[in-house]
>>> print(open('structure33.tsv').read())   # TSV, C-alpha atoms and all ligand atoms
chain	number	residue	atom	x	y	z
N	453	MET	CA	81.63	-13.49	181.94
N	454	PRO	CA	78.87	-11.39	180.35
N	455	PRO	CA	78.48	-11.76	176.58
N	456	PRO	CA	80.49	-9.22	174.63
N	457	THR	CA	78.68	-6.19	173.30
N	458	ASP	CA	79.71	-3.55	170.84
N	459	ALA	CA	79.01	-0.93	173.47
N	460	THR	CA	81.69	-2.28	175.80
N	461	THR	CA	84.38	-2.81	173.18
N	462	ALA	CA	83.98	0.43	171.20
N	463	PRO	CA	82.75	3.35	173.28
N	464	ASP	CA	81.50	5.47	170.39
N	465	ILE	CA	79.01	2.86	169.19
N	466	PRO	CA	75.58	4.45	169.76
N	467	ALA	CA	73.53	3.34	172.76
N	468	ASP	CA	70.68	2.00	170.60
N	469	TRP	CA	72.93	-0.23	168.47
N	470	PRO	CA	73.18	-3.34	170.73
N	471	ALA	CA	69.35	-3.74	170.80
N	472	LEU	CA	69.06	-3.20	167.06
N	473	TRP	CA	71.86	-5.72	166.48
N	474	GLN	CA	69.93	-8.28	168.54
N	475	GLN	CA	66.87	-7.75	166.32
N	476	MET	CA	69.04	-8.17	163.24
N	477	LEU	CA	70.40	-11.43	164.64
N	478	HIS	CA	66.80	-12.51	165.30
N	479	ALA	CA	65.90	-11.76	161.66
N	480	ARG	CA	69.06	-13.57	160.50
N	481	THR	CA	68.35	-16.68	162.53
N	482	THR	CA	64.54	-16.99	162.40
N	483	GLY	CA	63.57	-14.94	159.33
N	484	GLN	CA	60.93	-13.36	161.57
N	485	ALA	CA	60.45	-9.64	161.98
N	486	ALA	CA	60.52	-7.91	165.35
N	487	GLN	CA	60.22	-4.16	165.94
N	488	PRO	CA	61.82	-1.97	164.66
N	489	LEU	CA	62.44	-4.30	161.66
N	490	HIS	CA	59.91	-5.50	159.13
N	491	TRP	CA	60.07	-7.37	155.85
N	492	CYS	CA	58.86	-5.73	152.64
N	493	ALA	CA	58.52	-7.94	149.53
N	494	GLU	CA	59.76	-5.16	147.23
N	495	HIS	CA	62.60	-3.64	149.28
N	496	GLY	CA	63.66	-6.40	151.68
N	497	TRP	CA	64.32	-5.75	155.38
N	498	GLN	CA	63.34	-2.26	156.50
N	499	LEU	CA	64.14	-0.31	159.62
N	500	ALA	CA	61.10	1.65	160.80
N	501	SER	CA	63.11	4.06	162.91
N	502	ALA	CA	66.38	4.29	164.77
N	503	GLU	CA	67.28	6.54	167.68
N	504	SER	CA	70.61	7.41	166.11
N	505	SER	CA	71.54	8.03	162.49
N	506	ARG	CA	74.68	5.94	163.04
N	507	SER	CA	72.63	2.83	163.85
N	508	ALA	CA	70.50	3.46	160.75
N	509	GLU	CA	73.71	3.62	158.67
N	510	LEU	CA	75.02	0.39	160.19
N	511	PHE	CA	71.67	-1.30	159.48
N	512	THR	CA	71.92	-0.19	155.82
N	513	LEU	CA	75.43	-1.62	155.64
N	514	TYR	CA	74.36	-5.09	156.85
N	515	LYS	CA	70.88	-5.16	155.26
N	516	PRO	CA	72.08	-6.90	152.03
N	517	LEU	CA	73.24	-9.88	154.12
N	518	LEU	CA	69.85	-10.16	155.82
N	519	ASP	CA	68.03	-9.74	152.50
N	520	ALA	CA	70.21	-12.41	150.87
N	521	ARG	CA	69.13	-15.13	153.28
N	522	HIS	CA	65.45	-14.21	153.67
N	523	GLY	CA	63.07	-16.97	152.64
N	524	GLY	CA	65.93	-19.41	152.05
N	525	ARG	CA	68.01	-19.67	148.90
N	526	ASP	CA	69.56	-22.45	146.81
N	527	THR	CA	72.39	-20.52	145.23
N	528	PRO	CA	75.40	-19.01	146.97
N	529	TRP	CA	75.62	-15.31	147.81
N	530	ALA	CA	78.92	-13.80	148.86
N	531	VAL	CA	80.27	-10.64	150.46
N	532	ALA	CA	84.01	-10.01	150.76
N	533	GLN	CA	86.14	-7.51	152.65
N	534	LEU	CA	89.68	-6.21	152.44
N	535	GLY	CA	91.34	-3.74	154.75
N	536	GLN	CA	93.83	-1.89	152.57
N	537	SER	CA	96.35	0.90	152.97
N	538	LEU	CA	96.06	4.09	150.93
N	539	ASP	CA	98.61	2.55	148.56
N	540	GLY	CA	96.69	-0.70	148.14
N	541	PHE	CA	98.33	-3.27	150.44
N	542	VAL	CA	96.69	-5.58	152.99
N	543	ALA	CA	99.93	-6.43	154.81
N	544	THR	CA	103.66	-5.63	154.82
N	545	VAL	CA	106.21	-7.70	152.90
N	546	THR	CA	106.58	-9.97	155.94
N	547	GLY	CA	102.82	-10.54	155.98
N	548	ASP	CA	102.22	-8.41	159.08
N	549	SER	CA	98.68	-7.02	159.00
N	550	TYR	CA	98.23	-6.28	162.75
N	551	TYR	CA	96.71	-3.84	162.30
N	552	VAL	CA	96.02	-2.20	158.97
N	553	ASN	CA	92.60	-1.07	160.27
N	554	GLY	CA	91.36	0.21	163.61
N	555	PRO	CA	89.14	-1.42	166.27
N	556	HIS	CA	85.86	-0.48	164.56
N	557	CYS	CA	86.87	-2.62	161.62
N	558	LEU	CA	87.52	-5.64	163.86
N	559	LEU	CA	83.96	-5.34	165.18
N	560	HIS	CA	82.74	-4.99	161.62
N	561	LEU	CA	84.54	-8.21	160.62
N	562	HIS	CA	83.00	-10.11	163.53
N	563	ARG	CA	79.53	-8.80	162.65
N	564	LEU	CA	79.94	-9.93	159.05
N	565	ARG	CA	80.99	-13.36	160.31
N	566	ALA	CA	77.91	-13.56	162.56
N	567	LEU	CA	75.55	-12.74	159.70
N	568	CYS	CA	76.99	-15.37	157.34
N	569	ASP	CA	76.82	-19.17	157.15
N	570	ALA	CA	80.54	-19.46	156.49
N	571	VAL	CA	83.66	-17.30	156.80
N	572	LEU	CA	86.28	-18.14	154.22
N	573	VAL	CA	90.00	-17.33	154.03
N	574	GLY	CA	92.90	-18.28	151.81
N	575	ALA	CA	95.78	-20.55	152.76
N	576	GLY	CA	98.22	-17.63	152.91
N	577	THR	CA	96.18	-15.96	155.64
N	578	VAL	CA	96.03	-19.17	157.66
N	579	ALA	CA	99.77	-19.78	157.24
N	580	ILE	CA	100.72	-16.22	158.27
N	581	ASP	CA	98.00	-15.12	160.75
N	582	ASN	CA	96.83	-18.46	162.20
N	583	PRO	CA	93.40	-16.83	162.75
N	584	GLN	CA	90.58	-18.15	164.95
N	585	LEU	CA	87.76	-16.80	162.74
N	586	THR	CA	85.29	-16.64	165.63
N	587	THR	CA	82.61	-14.10	166.55
N	588	ARG	CA	84.10	-13.46	170.00
N	589	ARG	CA	83.88	-9.66	169.74
N	590	VAL	CA	80.10	-9.49	169.15
N	591	PRO	CA	77.02	-11.42	170.21
N	592	GLY	CA	76.04	-13.75	167.39
N	593	PRO	CA	76.32	-17.27	165.98
N	594	GLN	CA	79.58	-18.87	164.92
N	595	PRO	CA	79.76	-19.50	161.16
N	596	VAL	CA	81.51	-22.49	159.64
N	597	ARG	CA	85.18	-21.65	159.13
N	598	VAL	CA	86.42	-22.41	155.63
N	599	VAL	CA	90.01	-22.51	154.43
N	600	VAL	CA	90.55	-22.56	150.66
N	601	ASP	CA	93.77	-24.44	150.00
N	602	PRO	CA	93.26	-26.18	146.64
N	603	ALA	CA	96.66	-27.89	146.43
N	604	VAL	CA	96.93	-28.64	150.20
N	605	ARG	CA	99.94	-26.48	151.02
N	606	LEU	CA	99.04	-26.14	154.72
N	607	ASP	CA	100.28	-28.68	157.24
N	608	GLY	CA	96.97	-29.11	159.09
N	609	ARG	CA	98.32	-27.81	162.41
N	610	SER	CA	96.66	-24.37	162.29
N	611	ARG	CA	94.27	-23.26	165.05
N	612	VAL	CA	91.28	-23.16	162.74
N	613	PHE	CA	91.59	-26.91	162.16
N	614	ARG	CA	92.42	-27.90	165.74
N	615	ASP	CA	90.88	-25.52	168.30
N	616	GLY	CA	87.31	-26.85	168.12
N	617	GLN	CA	85.86	-23.33	168.56
N	618	GLY	CA	83.53	-23.97	165.62
N	619	PRO	CA	83.11	-26.26	162.68
N	620	SER	CA	85.89	-26.00	160.07
N	621	LEU	CA	86.29	-27.13	156.48
N	622	TRP	CA	89.51	-27.50	154.53
N	623	VAL	CA	88.51	-27.03	150.89
N	624	CYS	CA	90.84	-28.63	148.36
N	625	ASP	CA	90.89	-30.20	144.94
N	626	ALA	CA	89.65	-33.80	145.14
N	627	ARG	CA	93.05	-34.98	143.85
N	628	HIS	CA	94.70	-33.74	147.06
N	629	ALA	CA	91.96	-34.69	149.53
N	630	ALA	CA	93.68	-37.85	150.80
N	631	LEU	CA	96.72	-35.79	151.85
N	632	ALA	CA	94.54	-33.22	153.63
N	633	ARG	CA	92.70	-35.99	155.52
N	634	GLU	CA	96.01	-37.53	156.54
N	635	ARG	CA	97.16	-34.15	157.90
N	636	LEU	CA	93.93	-33.71	159.85
N	637	VAL	CA	94.05	-36.99	161.76
N	638	GLY	CA	92.87	-36.29	165.31
N	639	ALA	CA	91.53	-32.82	164.42
N	640	PRO	CA	87.83	-31.90	164.49
N	641	ALA	CA	87.97	-30.19	161.07
N	642	GLU	CA	86.68	-31.84	157.90
N	643	VAL	CA	87.99	-31.94	154.35
N	644	LEU	CA	85.70	-30.75	151.57
N	645	ALA	CA	87.00	-32.29	148.34
N	646	VAL	CA	85.95	-30.46	145.16
N	647	ASP	CA	86.28	-32.16	141.78
N	648	GLY	CA	88.15	-30.05	139.22
N	649	LEU	CA	88.85	-27.20	141.66
N	650	LEU	CA	92.35	-26.58	140.32
N	651	ASP	CA	92.30	-25.43	136.74
N	652	ALA	CA	94.06	-27.46	134.05
N	653	GLN	CA	97.25	-25.35	134.08
N	654	GLY	CA	97.48	-25.79	137.85
N	655	ASP	CA	98.07	-22.05	138.38
N	656	GLY	CA	94.64	-21.13	139.68
N	657	TYR	CA	91.35	-22.45	140.96
N	658	ARG	CA	87.68	-21.93	140.27
N	659	PRO	CA	86.07	-19.92	143.10
N	660	ALA	CA	82.56	-20.63	141.78
N	661	LEU	CA	83.11	-24.34	142.46
N	662	VAL	CA	84.03	-23.52	146.09
N	663	ALA	CA	80.85	-21.46	146.49
N	664	ASN	CA	78.72	-24.17	144.88
N	665	ALA	CA	80.24	-26.93	147.02
N	666	LEU	CA	79.52	-24.89	150.16
N	667	ALA	CA	75.96	-24.13	149.00
N	668	ALA	CA	75.41	-27.86	148.49
N	669	ARG	CA	76.19	-28.28	152.21
N	670	GLY	CA	73.67	-25.57	153.14
N	671	LEU	CA	76.30	-22.82	153.48
N	672	ARG	CA	74.86	-20.23	151.12
N	673	VAL	CA	75.60	-16.83	152.59
N	674	LEU	CA	79.38	-16.55	152.46
N	675	PHE	CA	81.88	-14.06	153.84
N	676	VAL	CA	85.22	-14.03	152.01
N	677	GLU	CA	87.46	-12.37	154.59
N	678	GLY	CA	90.87	-12.40	152.89
N	679	GLY	CA	93.62	-12.24	151.99
N	680	GLY	CA	94.22	-10.16	148.89
N	681	MET	CA	94.75	-13.11	146.51
N	682	THR	CA	91.61	-14.91	147.64
N	683	VAL	CA	89.32	-11.88	147.50
N	684	SER	CA	90.77	-10.92	144.11
N	685	ARG	CA	90.14	-14.42	142.75
N	686	PHE	CA	86.52	-14.39	143.95
N	687	PHE	CA	86.08	-10.87	142.58
N	688	THR	CA	87.51	-11.76	139.16
N	689	ALA	CA	85.41	-14.93	138.97
N	690	ASP	CA	82.28	-12.78	139.51
N	691	VAL	CA	81.25	-14.69	142.59
N	692	LEU	CA	80.85	-11.64	144.85
N	693	SER	CA	77.64	-9.68	145.28
N	694	ARG	CA	79.23	-7.10	147.56
N	695	LEU	CA	82.72	-5.98	148.48
N	696	HIS	CA	83.66	-3.92	151.51
N	697	LEU	CA	86.97	-2.19	150.81
N	698	ILE	CA	88.15	-0.52	153.99
N	699	ILE	CA	90.80	2.07	153.32
N	700	ALA	CA	93.10	2.93	156.22
N	701	PRO	CA	95.05	6.20	156.36
N	702	VAL	CA	98.42	4.42	156.31
N	703	LEU	CA	101.10	3.92	153.66
N	704	ILE	CA	102.73	0.46	153.57
N	705	GLY	CA	105.01	1.07	150.58
N	706	GLN	CA	105.52	-2.55	149.57
N	707	GLY	CA	103.78	-5.73	150.69
N	708	ARG	CA	100.88	-8.13	150.10
N	709	ARG	CA	98.63	-6.67	147.46
N	710	GLY	CA	94.99	-5.84	148.14
N	711	LEU	CA	92.29	-5.98	145.50
N	712	ARG	CA	93.50	-6.82	142.00
N	713	ALA	CA	90.77	-6.33	139.41
N	714	PRO	CA	90.91	-7.48	135.78
N	715	ALA	CA	92.77	-5.00	133.54
N	716	HIS	CA	91.17	-2.80	130.86
N	717	ASP	CA	92.84	-0.82	128.09
N	718	VAL	CA	90.52	2.17	128.15
N	719	MET	CA	88.82	3.95	131.02
N	720	ALA	CA	85.42	3.63	129.35
N	721	ASP	CA	85.59	-0.15	129.90
N	722	CYS	CA	86.53	0.09	133.59
N	723	PRO	CA	83.59	-0.86	135.80
N	724	ARG	CA	82.20	1.75	138.20
N	725	PRO	CA	79.93	-0.23	140.50
N	726	PRO	CA	77.45	1.63	142.67
N	727	THR	CA	79.16	2.48	145.96
N	728	ARG	CA	78.42	3.91	149.38
N	729	THR	CA	80.87	5.07	152.00
N	730	LEU	CA	80.79	4.81	155.75
N	731	PRO	CA	83.52	5.97	158.15
N	732	LEU	CA	84.68	3.29	160.59
N	733	GLY	CA	86.79	5.19	163.09
N	734	GLU	CA	89.72	6.63	161.11
N	735	ASP	CA	89.10	4.25	158.22
N	736	MET	CA	86.70	4.65	155.30
N	737	LEU	CA	84.57	1.72	154.21
N	738	TRP	CA	83.63	1.58	150.54
N	739	ASP	CA	80.62	-0.69	150.06
N	740	LEU	CA	80.58	-1.88	146.42
N	741	ASP	CA	77.35	-3.29	145.03
N	742	LEU	CA	78.67	-5.84	142.53
N	743	SER	CA	75.36	-7.59	141.91
N	744	ARG	CA	73.98	-4.62	139.99
N	745	SER	CA	77.11	-4.17	137.89
N	746	ARG	CA	77.00	-7.91	137.14
N	747	ARG	CA	73.43	-7.64	135.88
N	748	ALA	CA	74.41	-4.64	133.74
N	801	LIG	N1	93.90	-6.51	155.77
N	801	LIG	C1	93.01	-7.47	155.57
N	801	LIG	O1	91.81	-7.24	155.38
N	801	LIG	C2	93.50	-8.89	155.56
N	801	LIG	C3	92.57	-9.94	155.65
N	801	LIG	C4	93.05	-11.24	155.62
N	801	LIG	C5	94.42	-11.45	155.50
N	801	LIG	N2	95.27	-10.41	155.45
N	801	LIG	C6	96.70	-10.60	155.23
N	801	LIG	O2	96.83	-11.05	153.90
N	801	LIG	C7	98.01	-11.83	153.78
N	801	LIG	C8	97.66	-13.09	153.04
N	801	LIG	O3	97.02	-12.74	151.82
N	801	LIG	P1	97.51	-13.33	150.45
N	801	LIG	O4	96.88	-12.57	149.38
N	801	LIG	O5	99.01	-13.41	150.46
N	801	LIG	O6	96.99	-14.85	150.55
N	801	LIG	P2	95.55	-15.49	150.76
N	801	LIG	O7	94.58	-14.85	149.85
N	801	LIG	O8	95.22	-15.55	152.18
N	801	LIG	O9	95.82	-17.00	150.32
N	801	LIG	C9	96.10	-17.34	148.97
N	801	LIG	C10	97.57	-17.26	148.73
N	801	LIG	O10	98.30	-17.94	149.73
N	801	LIG	C11	99.35	-18.68	149.15
N	801	LIG	N3	99.69	-19.80	150.03
N	801	LIG	C12	99.20	-21.05	150.01
N	801	LIG	N4	99.76	-21.79	150.98
N	801	LIG	C13	100.62	-21.00	151.62
N	801	LIG	C14	101.51	-21.20	152.70
N	801	LIG	N5	101.59	-22.37	153.34
N	801	LIG	N6	102.25	-20.15	153.07
N	801	LIG	C15	102.17	-18.97	152.46
N	801	LIG	N7	101.34	-18.72	151.41
N	801	LIG	C16	100.58	-19.74	151.01
N	801	LIG	C17	98.74	-19.12	147.85
N	801	LIG	O11	99.73	-19.45	146.95
N	801	LIG	P3	99.42	-20.54	145.81
N	801	LIG	O12	98.31	-19.97	144.98
N	801	LIG	O13	100.70	-20.64	145.09
N	801	LIG	O14	99.03	-21.79	146.53
N	801	LIG	C18	97.97	-17.91	147.42
N	801	LIG	O15	98.79	-17.01	146.74
N	801	LIG	C19	98.49	-12.09	155.18
N	801	LIG	O16	99.62	-11.28	155.41
N	801	LIG	C20	97.34	-11.64	156.07
N	801	LIG	O17	97.82	-11.12	157.27
N	801	LIG	C21	94.83	-9.13	155.46
>>> encode(input="structure33.tsv", output="structure tokens")
Amino acid sequence: MPPPTDATTAPDIPADWPALWQQMLHARTTGQAAQPLHWCAEHGWQLASAESSRSAELFTLYKPLLDARHGGRDTPWAVAQLGQSLDGFVATVTGDSYYVNGPHCLLHLHRLRALCDAVLVGAGTVAIDNPQLTTRRVPGPQPVRVVVDPAVRLDGRSRVFRDGQGPSLWVCDARHAALARERLVGAPAEVLAVDGLLDAQGDGYRPALVANALAARGLRVLFVEGGGMTVSRFFTADVLSRLHLIIAPVLIGQGRRGLRAPAHDVMADCPRPPTRTLPLGEDMLWDLDLSRSRRA
């Protein structure tokens, strides 16, 4: 079977995009420039020219991920995404999220996976969706699949732990690691035990410790894919450099919440990070630059 290409799975992707994507993968994997891309010390990866404005926009969307890994890095860097309804939900009350967003967004998810060292999801997403977390919809490398389940609530039978389609890590608090290992007997996945991951009250965990533990294993460019609780925790802990909020023109009414940001009493204190928008089919992607607001 020929390798999948964006052009075959989404007909309105411009004709020049597959070649540009290959050059971006080359830059991601080797750090070397190849036309039409070049590296500029001041501004990071640059696109000399693109045949279509749409490809130039897509390059701009993914450029921060390429910039983040250029020249190697010691510290973690993370992008997250959430596909939300107009009224702020990522799934219905039953957990059904197939599909909040359209096919362009699926391609977008797979591209983000391919540009990162690891794709990370919460235990709720694994329990409800049983996702594969592969890059099967686009050409590109398979990142390490990471499940954050600090108190080991999963049973270890999910696809991501058993299907062998890529390396997988079950991240938990070190106090629960023995149980996770027991549940993984015979599975190719590994347990990543993190000391002090669960906070003292036992009602939350420290996302920065997850990111640091992954960075210590060489997984430094991270994609936090969902669900709402996990992205919100990483957001609130200030671990994210970028957030892609993809708003779908649908009303869910009640369900699993999307992004929950820390509360403020007055509008003047509410952060307004720099943003850009890009339509993805019927959906609208909001690209939030959180690194700049963090520095401010
Ligand atoms: N639209 C999107 O972009 C998108 C992306 C990914 C997922 N999703 C959807 O998001 C939903 C999941 O998101 P979420 O915010 O609820 O969770 P999540 O962020 O995936 O995972 C964290 C939550 O899962 C809970 N959890 C842990 N073990 C569980 C288990 N065995 N069964 C059920 N829940 C468990 C955790 O509870 P404790 O803290 O108490 O352990 C925690 O609240 C799913 O419906 C999925 O389809 C949507």
>>> closest_residue(input="structure33.tsv", among="N:Gln498, N:Gln594, N:Thr512, N:Gln584", to="ligand LIG 801 (chain N)", atoms="all atoms listed in the file")
N:Gln584
>>> closest_residue(input="structure33.tsv", among="N:Asp468, N:Pro659, N:Asp615, N:Asp651", to="Ala639 (chain N)", atoms="all atoms listed in the file")
N:Asp615
>>> atom_distance(input="structure33.tsv", atom1="atom O7 of ligand LIG 801 (chain N)", atom2="CA of Arg589 (chain N)")
23.2 Å
>>> residues_near_ligand(input="structure33.tsv", ligand="ligand LIG 801 (chain N)", cutoff="6 Å", atoms="all atoms listed in the file", output="ChimeraX atom specification")
/N:534-536,542-543,547-549,552,573-577,579-581,605-606,677-682,708
>>> residues_around(input="structure33.tsv", residues="region 728-739 of chain N", least_positions_apart="4", cutoff="8 Å", atoms="only C-alpha atoms", output="list of chain:residue names")
N:Glu509, N:Leu513, N:Asn553, N:Gly554, N:Pro555, N:His556, N:Cys557, N:Arg694, N:Leu695, N:His696, N:Leu697, N:Ile698, N:Ile699, N:Ala700, N:Pro701
>>> residues_around(input="structure33.tsv", residues="Leu636 (chain N)", least_positions_apart="5", cutoff="8 Å", atoms="all atoms listed in the file", output="list in words")
Gly608, Arg609, Phe613, Ala641 and Glu642 of chain N
>>> atom_distance(input="structure33.tsv", atom1="CA of Leu711 (chain N)", atom2="CA of Ala603 (chain N)")
22.4 Å
>>> atom_distance(input="structure33.tsv", atom1="CA of Val531 (chain N)", atom2="CA of Val673 (chain N)")
8.0 Å
>>> residues_around(input="structure33.tsv", residues="region 617-624 of chain N", least_positions_apart="5", cutoff="7 Å", atoms="all atoms listed in the file", output="ChimeraX atom specification")
/N:594,596-604,612,629,641-646
>>> residues_around(input="structure33.tsv", residues="His562 (chain N)", least_positions_apart="3", cutoff="10 Å", atoms="only C-alpha atoms", output="compact mmCIF listing (two decimals) with C-alpha atoms, in the frame of the given file")
# COMPACT_ATOMS: atom_id res chain seq x y z
CA CYS N 557 86.87 -2.62 161.62
CA LEU N 558 87.52 -5.64 163.86
CA LEU N 559 83.96 -5.34 165.18
CA ARG N 565 80.99 -13.36 160.31
CA ALA N 566 77.91 -13.56 162.56
CA LEU N 567 75.55 -12.74 159.70
CA VAL N 571 83.66 -17.30 156.80
CA LEU N 585 87.76 -16.80 162.74
CA THR N 586 85.29 -16.64 165.63
CA THR N 587 82.61 -14.10 166.55
CA ARG N 588 84.10 -13.46 170.00
CA ARG N 589 83.88 -9.66 169.74
CA VAL N 590 80.10 -9.49 169.15
CA PRO N 591 77.02 -11.42 170.21
CA GLY N 592 76.04 -13.75 167.39
CA GLN N 594 79.58 -18.87 164.92
>>> residues_around(input="structure33.tsv", residues="Ser537 (chain N)", least_positions_apart="2", cutoff="6 Å", atoms="all atoms listed in the file", output="list of chain:residue names")
N:Asp539, N:Gly540, N:Phe541, N:Ile699, N:Ala700, N:Val702, N:Leu703
>>> axis_aligned_box(input="structure33.tsv", around="region 725-735 of chain N", padding_each_side="5 Å", output="lines of an AutoDock Vina configuration file")
center_x = 83.6
center_y = 3.2
center_z = 151.8
size_x = 22.3
size_y = 16.9
size_z = 32.6
>>> closest_residue(input="structure33.tsv", among="N:Leu518, N:Gln533, N:Asp607, N:His495", to="Val676 (chain N)", atoms="all atoms listed in the file")
N:Gln533
>>> closest_residue(input="structure33.tsv", among="N:Ala467, N:Leu631, N:Ala485, N:Leu740", to="Leu692 (chain N)", atoms="only C-alpha atoms")
N:Leu740
>>> decode(input="structure33.tsv", residues="region 675-682 of chain N", atoms="all heavy atoms", output="tab-separated table (two decimals), in the first residue's frame")
chain	number	residue	atom	x	y	z
N	675	PHE	N	3.55	16.64	22.76
N	675	PHE	CA	2.21	17.01	22.27
N	675	PHE	C	1.18	16.46	23.25
N	675	PHE	O	1.00	15.24	23.36
N	675	PHE	CB	2.00	16.43	20.87
N	675	PHE	CG	0.59	16.58	20.34
N	675	PHE	CD1	-0.18	17.69	20.66
N	675	PHE	CD2	0.04	15.61	19.52
N	675	PHE	CE1	-1.48	17.84	20.19
N	675	PHE	CE2	-1.26	15.74	19.04
N	675	PHE	CZ	-2.01	16.85	19.38
N	676	VAL	N	0.51	17.36	23.97
N	676	VAL	CA	-0.53	16.97	24.92
N	676	VAL	C	-1.85	17.00	24.15
N	676	VAL	O	-2.39	18.07	23.83
N	676	VAL	CB	-0.56	17.94	26.13
N	676	VAL	CG1	-1.59	17.46	27.15
N	676	VAL	CG2	0.83	18.05	26.76
N	677	GLU	N	-2.38	15.81	23.85
N	677	GLU	CA	-3.50	15.72	22.89
N	677	GLU	C	-4.88	15.76	23.55
N	677	GLU	O	-5.88	15.98	22.90
N	677	GLU	CB	-3.33	14.44	22.06
N	677	GLU	CG	-4.34	14.34	20.96
N	677	GLU	CD	-4.09	13.20	20.01
N	677	GLU	OE1	-2.96	13.07	19.51
N	677	GLU	OE2	-5.03	12.41	19.77
N	678	GLY	N	-4.97	15.51	24.83
N	678	GLY	CA	-6.27	15.54	25.49
N	678	GLY	C	-6.28	14.62	26.68
N	678	GLY	O	-5.24	14.04	27.02
N	679	GLY	N	-7.43	14.47	27.33
N	679	GLY	CA	-8.64	15.23	27.12
N	679	GLY	C	-8.62	16.57	27.84
N	679	GLY	O	-7.55	17.10	28.16
N	680	GLY	N	-9.84	17.06	28.13
N	680	GLY	CA	-9.98	18.39	28.71
N	680	GLY	C	-9.28	18.55	30.05
N	680	GLY	O	-8.64	19.57	30.31
N	681	MET	N	-9.38	17.53	30.92
N	681	MET	CA	-8.75	17.63	32.25
N	681	MET	C	-7.24	17.72	32.10
N	681	MET	O	-6.58	18.53	32.75
N	681	MET	CB	-9.07	16.37	33.09
N	681	MET	CG	-10.49	16.23	33.53
N	681	MET	SD	-10.97	17.45	34.75
N	681	MET	CE	-9.80	17.16	36.04
N	682	THR	N	-6.69	16.87	31.25
N	682	THR	CA	-5.23	16.79	31.12
N	682	THR	C	-4.67	18.08	30.53
N	682	THR	O	-3.71	18.65	31.06
N	682	THR	CB	-4.86	15.56	30.26
N	682	THR	OG1	-5.37	14.41	30.93
N	682	THR	CG2	-3.37	15.44	30.06
